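This report refers to the structure that appears directly beneath it.
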Number of protein chains: 2
Amino acid sequence: MSLISGFSKLTRQQKIKELNRSLMDSFDFAPAFLDSFQLTNAEEQHKIESFSENVLSNFHLPFSVAPNFLVNGKSYFVPMVTEESSTVAAAAKAASFWYGHGGFHTQIEGREKSGNVHFEWVGADKELLSFWQEYKEQIVRVAEELSLGMKKRGGGINSIELQKDENFAQTYKIHCRFDTVDAMGANFINTVLEGIASYFKSLAQDKTEIIMSILSNQANGCLVESSLVADIASLGDLNGLAASVWTQKMKKAFAIANCDSERAVTHNKGIMNGVDAVALATGNDFRAIEAAAHAYAATSGTYRSLSSMESSEGQIKLSLKLPLSMGTVGGLTRVHSLAAFALDLMGVNKVEDLMSITASVGLASNFAAVSALVSSGIQKGHMKMHLSNIFMQLQVNPEEEQQLVKFLEGKTISMTTVKEELQKLRMQGELC
Amino acid sequence: MSLISGFSKLTRQQKIKELNRSLMDSFDFAPAFLDSFQLTNAEEQHKIESFSENVLSNFHLPFSVAPNFLVNGKSYFVPMVTEESSTVAAAAKAASFWYGHGGFHTQIEGREKSGNVHFEWVGADKELLSFWQEYKEQIVRVAEELSLGMKKRGGGINSIELQKDENFAQTYKIHCRFDTVDAMGANFINTVLEGIASYFKSLAQDKTEIIMSILSNQANGCLVESSLVADIASLGDLNGLAASVWTQKMKKAFAIANCDSERAVTHNKGIMNGVDAVALATGNDFRAIEAAAHAYAATSGTYRSLSSMESSEGQIKLSLKLPLSMGTVGGLTRVHSLAAFALDLMGVNKVEDLMSITASVGLASNFAAVSALVSSGIQKGHMKMHLSNIFMQLQVNPEEEQQLVKFLEGKTISMTTVKEELQKLRMQGELC
């Protein structure tokens, strides 16, 4: 294929035509296939196409709810969007289990975000220091002017500070801290930082070279902790194990995840299954959340689990602490109709409430995964859902399904096993 | 709200009714709203609902393509699914830019995955060692029997090894390495591990307590590197800066991201914008990819950038190296109709090709972000898209849009600014 020019300027129909033409030799498809996923509501469809560029169709993911999430004494149906089988079922099961034990309790440590103007200074350190002393007030004023809208909503710029970048000669940053209230705030922060950089450059002229101005997705100023506490004696059996047994095994599993990075990655991935499902459902940026969470897990110098489990005096406490930079306004949160619905469904306006619920779903996913791992194993629940996907893919009819389920009892389920048995069944059918 | 029982057993219509009833006091919605996002094709709709649990509707994300991705000499339209404005446009712009410079070159370091059976041993170390020597062969045989299907496809179990967990007394793991060929392989690995654990337990009886059997999402055995190389003199201007200038500034920006974790998190987040968009479009598990990538970024003990930039003798080289545990078969890849379409669109069957393309999109996103940051700033391109979202949200008509764009020229764009100006315009209109 040679370079294709002006593709983004084409209409959707023209783009599909061009794609069809370009791929002619290798892949033939009917444009109607891509049309079949479009919404019938033209306004909604137009909206989706405006979210991104070169949009050809809608990619659909299941929009689910997990009931019985008791968070700080209030019960929620939590919206979740995920393609992974059993994530919603597992979270809902954990939520129901903990409903009778007071549910989730959360603490927000802050909602401060940061960003930097990175620059080089042509001259001595002390020259920059005196420049900074002279002009800092003016720079702050410019930053505050740029933040007026955010100030009205109760936020704004919290601090502006000059920092030396010790890794390089003559390299510095203007480190800024922000309160973006109920917005994730990336656009606001970047706009203010670029404004500061441009003003700084206009003052310092040839003495400085601005490298870049950008928010940090490291969100250690937006930590949230969700916890579960219960008397072991009150907990009851789980997957056939007595409370004294499964709590002890879980404690060991949590301890391993805290020391062993190879395990911690998977442990935390299980947490993020829940966190991202809520982020997606509410129109939040899950890449930002993922980056912040995993970087936070590596703070000690060893990559560790984000959650922990303690037990003493007959009580257990499970806690998950992670940074969550989210929004209930701004970005797509109110533009994507189902994201807006998701937020309304929970009656959530304050970002602190969304952070609390999201962290709790992360902890629920974590509890569900680890409690399954130490008892019946992870595959039992997972394969039940996976099997239904396999059946669908092989276009298994109800009668065949019945026979296959019987055949697979106690066996290792894989696509190959199912396929082979299905072929046998179908051949038998033909022979009859 | 009191505890809701049996929710998952209800039909979709019953679930919506129950939701409506439970939320009556706080949130009123028409069931038709949730229906409006359903597909008209009943079979496709049924399929989506089978992916997850408690599914009430379809959450739609734009399905886009980025043309001109020249990877290892072959040109691709790359499917991307993302809700973030300008991600696709930026990746496509970077791909076009590099098309004329030979495009992306990739190297795959492997496709090995790992998993562990964690267990406690009741007895002395050396007792376990002699037990292991006696039974290892049998355990390997059981593992190989469980892997027969995978072996037929060219993969299977690569190694089984006993390891001591140095963090705890009497704690060990059976560390296994797998080749899952073109599948991500989580279900296969977990099934084999659970089989090994159950056989091990049957041999060791009361001498052991199995803690858990689970794959690791740490995917350092599946590293892929994508690189861009060009003579600086051949590169030309970018956003108004000469090649000698922007390459030098970019090099500094990359160096900062390598040392400064606060920046590295955002730098890597920009990479993952591209990576996750391809993962989503092809039905791959982006939580697994995210966890592996960020944990890998923290390997040195400091969280660092995943990509780097070098220059010497008038040449620059940009490289991104990250673990990518993906699949072109299994999971949702062939079940979700648009994921299957996405793979067919690229003509990709071998997982190595998908890894190569995905890493290249990550590098393209990275290049686009950093090259914008060091030149025009990130907000210019981003706000163009963001503005169209704001207009949509405020239901701005084309005439108002024209006036607003004129007003906003050179100003900091925020929802508040646009809203206020729009109110003025509308009030003026009423007064006329």
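Going through the structure tokens in order, the chains are called A, B, and so on, while each chain numbers its residues from 1 and the ligands are numbered from 1 in the order shown.
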
Skipping near chain neighbours, those fewer than 3 positions away, what residues fall within 9 Å of range 365-380 of chain A using only C-alpha atoms, listed as number ranges by chain? A: 87-88, 90-94, 238-241, 246-247, 249-250, 253-254, 267-275, 307, 318, 320, 360-362, 383-384; B: 187, 190-191, 194, 210-214

Exercise: range 67-76 of chain A partners within 8 Å, only C-alpha atoms, chain neighbours under 4 positions left out, as a ChimeraX atom specification: /A:92,95-96,98-99,102-106,346,356-357,360-361 /B:1-4,7

Please save C-alpha atoms of the selected residues as a short mmCIF file (atom, residue, chain, number, x, y, z; two decimals), in the first residue's frame.
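Once written, part_2.cif looks like this:
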data_model
loop_
_atom_site.label_atom_id
_atom_site.label_comp_id
_atom_site.auth_asym_id
_atom_site.auth_seq_id
_atom_site.Cartn_x
_atom_site.Cartn_y
_atom_site.Cartn_z
CA ALA A 92 -21.42 -8.43 42.82
CA ALA A 95 -20.49 -6.89 47.48
CA SER A 96 -23.38 -9.12 48.62
CA TRP A 98 -19.88 -7.88 52.66
CA TYR A 99 -23.30 -6.20 52.70
CA GLY A 102 -21.18 -3.22 57.17
CA GLY A 103 -19.85 -2.98 53.63
CA PHE A 104 -17.03 -0.74 52.50
CA HIS A 105 -15.62 2.20 54.44
CA THR A 106 -13.51 4.76 52.63
CA MET A 346 -25.36 6.18 41.55
CA SER A 356 -14.94 5.87 47.13
CA ILE A 357 -17.21 3.66 45.04
CA SER A 360 -14.55 -0.27 46.73
CA VAL A 361 -15.27 -2.07 43.46
CA MET B 1 -31.84 0.09 49.99
CA SER B 2 -31.99 -3.34 51.56
CA LEU B 3 -30.03 -6.31 50.21
CA ILE B 4 -31.24 -7.33 46.75
CA PHE B 7 -30.77 -10.06 40.78
#

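Considering only C-alpha atoms, the residue among A:Ala32, A:Cys259, A:Leu408, A:Leu203 positioned nearest to chain B is A:Cys259.
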
Taking the DSSP secondary structure from the backbone, can you list the residues of range 109-200 of chain B that are alpha helix (DSSP H), as a short mmCIF file (atom, residue, chain, number, x, y, z; two decimals) with N, CA and C atoms, in the first residue's frame?
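This is the output file out.cif:
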data_model
loop_
_atom_site.label_atom_id
_atom_site.label_comp_id
_atom_site.auth_asym_id
_atom_site.auth_seq_id
_atom_site.Cartn_x
_atom_site.Cartn_y
_atom_site.Cartn_z
N ASP B 125 13.12 -28.53 54.45
CA ASP B 125 13.44 -28.23 53.05
C ASP B 125 13.91 -29.48 52.31
N LYS B 126 14.83 -30.20 52.96
CA LYS B 126 15.43 -31.31 52.22
C LYS B 126 14.46 -32.46 51.98
N GLU B 127 13.45 -32.54 52.85
CA GLU B 127 12.40 -33.53 52.64
C GLU B 127 11.62 -33.20 51.37
N LEU B 128 11.33 -31.90 51.20
CA LEU B 128 10.64 -31.46 49.99
C LEU B 128 11.50 -31.73 48.75
N LEU B 129 12.80 -31.43 48.90
CA LEU B 129 13.70 -31.63 47.76
C LEU B 129 13.70 -33.08 47.29
N SER B 130 13.74 -34.01 48.23
CA SER B 130 13.76 -35.41 47.80
C SER B 130 12.39 -35.83 47.26
N PHE B 131 11.33 -35.27 47.84
CA PHE B 131 9.98 -35.51 47.32
C PHE B 131 9.90 -35.03 45.86
N TRP B 132 10.42 -33.84 45.63
CA TRP B 132 10.39 -33.23 44.29
C TRP B 132 11.18 -34.07 43.28
N GLN B 133 12.36 -34.54 43.74
CA GLN B 133 13.17 -35.38 42.85
C GLN B 133 12.44 -36.67 42.48
N GLU B 134 11.73 -37.20 43.48
CA GLU B 134 11.03 -38.45 43.23
C GLU B 134 9.84 -38.27 42.27
N TYR B 135 9.11 -37.18 42.44
CA TYR B 135 7.84 -37.06 41.72
C TYR B 135 7.83 -36.06 40.57
N LYS B 136 8.92 -35.34 40.40
CA LYS B 136 8.90 -34.29 39.37
C LYS B 136 8.47 -34.83 38.00
N GLU B 137 9.06 -35.96 37.62
CA GLU B 137 8.76 -36.52 36.31
C GLU B 137 7.26 -36.78 36.12
N GLN B 138 6.63 -37.32 37.17
CA GLN B 138 5.20 -37.58 37.10
C GLN B 138 4.41 -36.28 36.97
N ILE B 139 4.86 -35.27 37.72
CA ILE B 139 4.16 -33.97 37.68
C ILE B 139 4.27 -33.37 36.29
N VAL B 140 5.47 -33.46 35.71
CA VAL B 140 5.68 -32.95 34.35
C VAL B 140 4.76 -33.68 33.38
N ARG B 141 4.63 -35.01 33.57
CA ARG B 141 3.79 -35.79 32.67
C ARG B 141 2.33 -35.33 32.75
N VAL B 142 1.84 -35.08 33.98
CA VAL B 142 0.47 -34.60 34.15
C VAL B 142 0.29 -33.24 33.46
N ALA B 143 1.28 -32.37 33.65
CA ALA B 143 1.21 -31.03 33.03
C ALA B 143 1.19 -31.16 31.52
N GLU B 144 1.97 -32.09 31.00
CA GLU B 144 2.01 -32.25 29.54
C GLU B 144 0.71 -32.82 29.00
N GLU B 145 0.11 -33.71 29.77
CA GLU B 145 -1.20 -34.24 29.35
C GLU B 145 -2.23 -33.12 29.27
N LEU B 146 -2.17 -32.22 30.26
CA LEU B 146 -3.11 -31.10 30.29
C LEU B 146 -2.85 -30.11 29.15
N LEU B 148 -1.88 -30.94 26.00
CA LEU B 148 -1.85 -31.60 24.68
C LEU B 148 -2.39 -30.74 23.55
N GLY B 149 -3.55 -30.10 23.82
CA GLY B 149 -4.17 -29.25 22.79
C GLY B 149 -3.23 -28.13 22.38
N MET B 150 -2.60 -27.51 23.37
CA MET B 150 -1.69 -26.40 23.09
C MET B 150 -0.45 -26.90 22.37
N LYS B 151 -0.01 -28.12 22.70
CA LYS B 151 1.17 -28.69 22.05
C LYS B 151 0.91 -28.88 20.55
N LYS B 152 -0.30 -29.34 20.24
CA LYS B 152 -0.68 -29.52 18.83
C LYS B 152 -0.55 -28.23 18.04
N ALA B 186 -4.43 -17.09 29.27
CA ALA B 186 -4.71 -17.06 30.71
C ALA B 186 -5.50 -18.29 31.16
N ASN B 187 -6.55 -18.63 30.42
CA ASN B 187 -7.37 -19.78 30.82
C ASN B 187 -6.60 -21.08 30.75
N PHE B 188 -5.82 -21.23 29.68
CA PHE B 188 -5.01 -22.44 29.53
C PHE B 188 -4.03 -22.56 30.70
N ILE B 189 -3.31 -21.48 30.98
CA ILE B 189 -2.29 -21.53 32.04
C ILE B 189 -2.93 -21.84 33.39
N ASN B 190 -4.03 -21.15 33.70
CA ASN B 190 -4.68 -21.39 35.00
C ASN B 190 -5.20 -22.82 35.11
N THR B 191 -5.72 -23.35 34.03
CA THR B 191 -6.22 -24.73 34.04
C THR B 191 -5.08 -25.71 34.29
N VAL B 192 -3.95 -25.50 33.60
CA VAL B 192 -2.81 -26.41 33.80
C VAL B 192 -2.28 -26.29 35.23
N LEU B 193 -2.16 -25.05 35.72
CA LEU B 193 -1.64 -24.84 37.08
C LEU B 193 -2.53 -25.51 38.12
N GLU B 194 -3.84 -25.35 37.94
CA GLU B 194 -4.77 -25.97 38.90
C GLU B 194 -4.66 -27.49 38.83
N GLY B 195 -4.44 -28.01 37.63
CA GLY B 195 -4.24 -29.45 37.47
C GLY B 195 -2.97 -29.92 38.17
N ILE B 196 -1.90 -29.16 38.01
CA ILE B 196 -0.63 -29.50 38.68
C ILE B 196 -0.82 -29.47 40.19
N ALA B 197 -1.50 -28.41 40.67
CA ALA B 197 -1.70 -28.25 42.11
C ALA B 197 -2.48 -29.44 42.67
N SER B 198 -3.51 -29.81 41.96
CA SER B 198 -4.37 -30.86 42.47
C SER B 198 -3.62 -32.21 42.47
N TYR B 199 -2.77 -32.43 41.45
CA TYR B 199 -1.98 -33.66 41.42
C TYR B 199 -0.92 -33.65 42.52
N PHE B 200 -0.27 -32.50 42.68
CA PHE B 200 0.75 -32.34 43.71
C PHE B 200 0.16 -32.63 45.10
#

Rank nothing, just name the residue among B:Asn397, B:Asn258, B:Gln428, B:Ser226 nearest to Thr358 in chain B, using only C-alpha atoms.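 Of the candidates, the smallest distance to Thr358 in chain B is held by B:Ser226.
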
Just list the residues in range 141-317 of chain A DSSP gives strand (DSSP E or B) on the backbone, as number ranges by chain. A: 156-164, 171-179, 183, 208-216, 223-231, 238, 241, 307-312, 315-317

As a PyMOL selection string, please: the residues near Phe168 in chain A (cut-off 12 Å, only C-alpha atoms, same-chain neighbours under 6 positions excluded). (chain A and resi 118-121) or (chain B and resi 252-253+255-256+258-260)

Just-selected residues, all heavy atoms written as a PDB file, in the first residue's frame:
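The file below, part20.pdb, is the result:
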ATOM      1  N   HIS A 118       8.678  22.313  32.456  1.00  0.00           N
ATOM      2  CA  HIS A 118      10.098  21.947  32.449  1.00  0.00           C
ATOM      3  C   HIS A 118      10.845  22.960  31.586  1.00  0.00           C
ATOM      4  O   HIS A 118      10.403  23.240  30.468  1.00  0.00           O
ATOM      5  CB  HIS A 118      10.293  20.551  31.847  1.00  0.00           C
ATOM      6  CG  HIS A 118       9.591  19.458  32.595  1.00  0.00           C
ATOM      7  ND1 HIS A 118      10.221  18.678  33.539  1.00  0.00           N
ATOM      8  CD2 HIS A 118       8.309  19.013  32.545  1.00  0.00           C
ATOM      9  CE1 HIS A 118       9.351  17.782  34.032  1.00  0.00           C
ATOM     10  NE2 HIS A 118       8.188  17.977  33.442  1.00  0.00           N
ATOM     11  N   PHE A 119      11.952  23.495  32.079  1.00  0.00           N
ATOM     12  CA  PHE A 119      12.683  24.469  31.263  1.00  0.00           C
ATOM     13  C   PHE A 119      14.176  24.413  31.534  1.00  0.00           C
ATOM     14  O   PHE A 119      14.625  23.899  32.562  1.00  0.00           O
ATOM     15  CB  PHE A 119      12.135  25.882  31.486  1.00  0.00           C
ATOM     16  CG  PHE A 119      12.404  26.460  32.852  1.00  0.00           C
ATOM     17  CD1 PHE A 119      13.522  27.277  33.089  1.00  0.00           C
ATOM     18  CD2 PHE A 119      11.545  26.201  33.913  1.00  0.00           C
ATOM     19  CE1 PHE A 119      13.776  27.808  34.350  1.00  0.00           C
ATOM     20  CE2 PHE A 119      11.799  26.726  35.180  1.00  0.00           C
ATOM     21  CZ  PHE A 119      12.908  27.527  35.403  1.00  0.00           C
ATOM     22  N   GLU A 120      14.928  24.931  30.588  1.00  0.00           N
ATOM     23  CA  GLU A 120      16.367  25.099  30.774  1.00  0.00           C
ATOM     24  C   GLU A 120      16.642  26.574  31.031  1.00  0.00           C
ATOM     25  O   GLU A 120      15.925  27.446  30.524  1.00  0.00           O
ATOM     26  CB  GLU A 120      17.120  24.644  29.511  1.00  0.00           C
ATOM     27  CG  GLU A 120      17.118  23.136  29.359  1.00  0.00           C
ATOM     28  CD  GLU A 120      17.699  22.649  28.034  1.00  0.00           C
ATOM     29  OE1 GLU A 120      17.850  23.480  27.109  1.00  0.00           O
ATOM     30  OE2 GLU A 120      17.980  21.449  27.923  1.00  0.00           O
ATOM     31  N   TRP A 121      17.655  26.831  31.814  1.00  0.00           N
ATOM     32  CA  TRP A 121      18.005  28.216  32.142  1.00  0.00           C
ATOM     33  C   TRP A 121      19.432  28.484  31.665  1.00  0.00           C
ATOM     34  O   TRP A 121      20.341  27.709  31.973  1.00  0.00           O
ATOM     35  CB  TRP A 121      17.902  28.421  33.656  1.00  0.00           C
ATOM     36  CG  TRP A 121      18.243  29.836  34.083  1.00  0.00           C
ATOM     37  CD1 TRP A 121      19.416  30.271  34.640  1.00  0.00           C
ATOM     38  CD2 TRP A 121      17.401  30.978  33.992  1.00  0.00           C
ATOM     39  NE1 TRP A 121      19.359  31.610  34.909  1.00  0.00           N
ATOM     40  CE2 TRP A 121      18.121  32.077  34.512  1.00  0.00           C
ATOM     41  CE3 TRP A 121      16.087  31.196  33.513  1.00  0.00           C
ATOM     42  CZ2 TRP A 121      17.588  33.376  34.578  1.00  0.00           C
ATOM     43  CZ3 TRP A 121      15.562  32.478  33.577  1.00  0.00           C
ATOM     44  CH2 TRP A 121      16.308  33.549  34.105  1.00  0.00           C
TER      45      TRP A 121
ATOM     46  N   LYS B 252      15.796  15.806  25.039  1.00  0.00           N
ATOM     47  CA  LYS B 252      15.806  16.252  26.432  1.00  0.00           C
ATOM     48  C   LYS B 252      14.528  15.799  27.143  1.00  0.00           C
ATOM     49  O   LYS B 252      14.566  15.337  28.293  1.00  0.00           O
ATOM     50  CB  LYS B 252      15.945  17.782  26.474  1.00  0.00           C
ATOM     51  CG  LYS B 252      16.057  18.372  27.865  1.00  0.00           C
ATOM     52  CD  LYS B 252      17.379  17.988  28.532  1.00  0.00           C
ATOM     53  CE  LYS B 252      17.515  18.556  29.926  1.00  0.00           C
ATOM     54  NZ  LYS B 252      18.245  19.836  29.960  1.00  0.00           N
ATOM     55  N   ALA B 253      13.402  15.928  26.436  1.00  0.00           N
ATOM     56  CA  ALA B 253      12.120  15.508  27.036  1.00  0.00           C
ATOM     57  C   ALA B 253      12.133  14.000  27.352  1.00  0.00           C
ATOM     58  O   ALA B 253      11.631  13.576  28.397  1.00  0.00           O
ATOM     59  CB  ALA B 253      10.963  15.843  26.092  1.00  0.00           C
ATOM     60  N   ALA B 255      14.862  12.253  27.962  1.00  0.00           N
ATOM     61  CA  ALA B 255      15.813  12.056  29.061  1.00  0.00           C
ATOM     62  C   ALA B 255      15.150  12.360  30.407  1.00  0.00           C
ATOM     63  O   ALA B 255      15.341  11.631  31.392  1.00  0.00           O
ATOM     64  CB  ALA B 255      17.039  12.937  28.849  1.00  0.00           C
ATOM     65  N   ILE B 256      14.352  13.419  30.442  1.00  0.00           N
ATOM     66  CA  ILE B 256      13.641  13.768  31.678  1.00  0.00           C
ATOM     67  C   ILE B 256      12.687  12.634  32.072  1.00  0.00           C
ATOM     68  O   ILE B 256      12.640  12.211  33.230  1.00  0.00           O
ATOM     69  CB  ILE B 256      12.877  15.109  31.514  1.00  0.00           C
ATOM     70  CG1 ILE B 256      13.886  16.269  31.432  1.00  0.00           C
ATOM     71  CG2 ILE B 256      11.890  15.322  32.667  1.00  0.00           C
ATOM     72  CD1 ILE B 256      13.270  17.616  31.074  1.00  0.00           C
ATOM     73  N   ASN B 258      12.938   9.635  31.520  1.00  0.00           N
ATOM     74  CA  ASN B 258      13.674   8.451  31.975  1.00  0.00           C
ATOM     75  C   ASN B 258      14.118   8.558  33.435  1.00  0.00           C
ATOM     76  O   ASN B 258      14.268   7.546  34.114  1.00  0.00           O
ATOM     77  CB  ASN B 258      14.886   8.202  31.077  1.00  0.00           C
ATOM     78  CG  ASN B 258      15.515   6.851  31.349  1.00  0.00           C
ATOM     79  OD1 ASN B 258      14.801   5.852  31.505  1.00  0.00           O
ATOM     80  ND2 ASN B 258      16.831   6.810  31.457  1.00  0.00           N
ATOM     81  N   CYS B 259      14.312   9.789  33.921  1.00  0.00           N
ATOM     82  CA  CYS B 259      14.828   9.989  35.292  1.00  0.00           C
ATOM     83  C   CYS B 259      13.742  10.368  36.293  1.00  0.00           C
ATOM     84  O   CYS B 259      13.836  10.041  37.467  1.00  0.00           O
ATOM     85  CB  CYS B 259      15.843  11.133  35.323  1.00  0.00           C
ATOM     86  SG  CYS B 259      17.206  10.900  34.201  1.00  0.00           S
ATOM     87  N   ASP B 260      12.741  11.110  35.827  1.00  0.00           N
ATOM     88  CA  ASP B 260      11.799  11.765  36.728  1.00  0.00           C
ATOM     89  C   ASP B 260      10.478  10.991  36.695  1.00  0.00           C
ATOM     90  O   ASP B 260       9.716  11.070  35.736  1.00  0.00           O
ATOM     91  CB  ASP B 260      11.615  13.212  36.225  1.00  0.00           C
ATOM     92  CG  ASP B 260      10.638  14.019  37.056  1.00  0.00           C
ATOM     93  OD1 ASP B 260       9.908  13.434  37.877  1.00  0.00           O
ATOM     94  OD2 ASP B 260      10.591  15.251  36.876  1.00  0.00           O
TER      95      ASP B 260
END

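With only C-alpha atoms as the basis for measurement, B:Gly115 is the residue among B:Gly221, B:Gly110, B:Gly327, B:Gly115 that approaches chain A most closely.
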
Contacts of Val65 in chain A within 6 Å, only C-alpha atoms, excl. fewer than 2 positions in-chain, as a list in words: Phe77, Val78, Pro79 and Met80 of chain A; Asn54 of chain B

For Asn349 in chain A, list every protein, DNA or RNA residue within 9 Å, evaluated using only C-alpha atoms, and leave out those in the same chain fewer than 6 positions away; present the list as JSON, numbers by chain. {"A": [182, 328, 329, 343]}

Selection file, all heavy atoms, as a PDB file, in the first residue's frame:
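Result written to result.pdb:
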ATOM      1  N   ASP A 182     -14.451  18.632  41.085  1.00  0.00           N
ATOM      2  CA  ASP A 182     -15.079  17.390  40.620  1.00  0.00           C
ATOM      3  C   ASP A 182     -14.648  16.975  39.224  1.00  0.00           C
ATOM      4  O   ASP A 182     -15.142  15.982  38.685  1.00  0.00           O
ATOM      5  CB  ASP A 182     -16.608  17.536  40.669  1.00  0.00           C
ATOM      6  CG  ASP A 182     -17.109  17.683  42.088  1.00  0.00           C
ATOM      7  OD1 ASP A 182     -16.556  16.997  42.977  1.00  0.00           O
ATOM      8  OD2 ASP A 182     -18.018  18.491  42.329  1.00  0.00           O
ATOM      9  N   THR A 328     -16.430  13.714  37.865  1.00  0.00           N
ATOM     10  CA  THR A 328     -17.875  13.514  37.681  1.00  0.00           C
ATOM     11  C   THR A 328     -18.411  14.569  36.721  1.00  0.00           C
ATOM     12  O   THR A 328     -19.581  14.545  36.357  1.00  0.00           O
ATOM     13  CB  THR A 328     -18.648  13.617  39.015  1.00  0.00           C
ATOM     14  OG1 THR A 328     -18.395  14.908  39.583  1.00  0.00           O
ATOM     15  CG2 THR A 328     -18.210  12.553  39.997  1.00  0.00           C
ATOM     16  N   VAL A 329     -17.569  15.520  36.370  1.00  0.00           N
ATOM     17  CA  VAL A 329     -17.885  16.509  35.327  1.00  0.00           C
ATOM     18  C   VAL A 329     -16.665  16.617  34.421  1.00  0.00           C
ATOM     19  O   VAL A 329     -15.576  16.194  34.776  1.00  0.00           O
ATOM     20  CB  VAL A 329     -18.208  17.914  35.909  1.00  0.00           C
ATOM     21  CG1 VAL A 329     -19.488  17.890  36.712  1.00  0.00           C
ATOM     22  CG2 VAL A 329     -17.041  18.433  36.749  1.00  0.00           C
ATOM     23  N   LEU A 343     -23.485   7.837  36.149  1.00  0.00           N
ATOM     24  CA  LEU A 343     -23.287   8.731  37.305  1.00  0.00           C
ATOM     25  C   LEU A 343     -24.624   9.025  37.987  1.00  0.00           C
ATOM     26  O   LEU A 343     -24.709   9.014  39.220  1.00  0.00           O
ATOM     27  CB  LEU A 343     -22.601  10.023  36.860  1.00  0.00           C
ATOM     28  CG  LEU A 343     -21.128   9.853  36.471  1.00  0.00           C
ATOM     29  CD1 LEU A 343     -20.620  11.043  35.672  1.00  0.00           C
ATOM     30  CD2 LEU A 343     -20.258   9.650  37.727  1.00  0.00           C
TER      31      LEU A 343
END
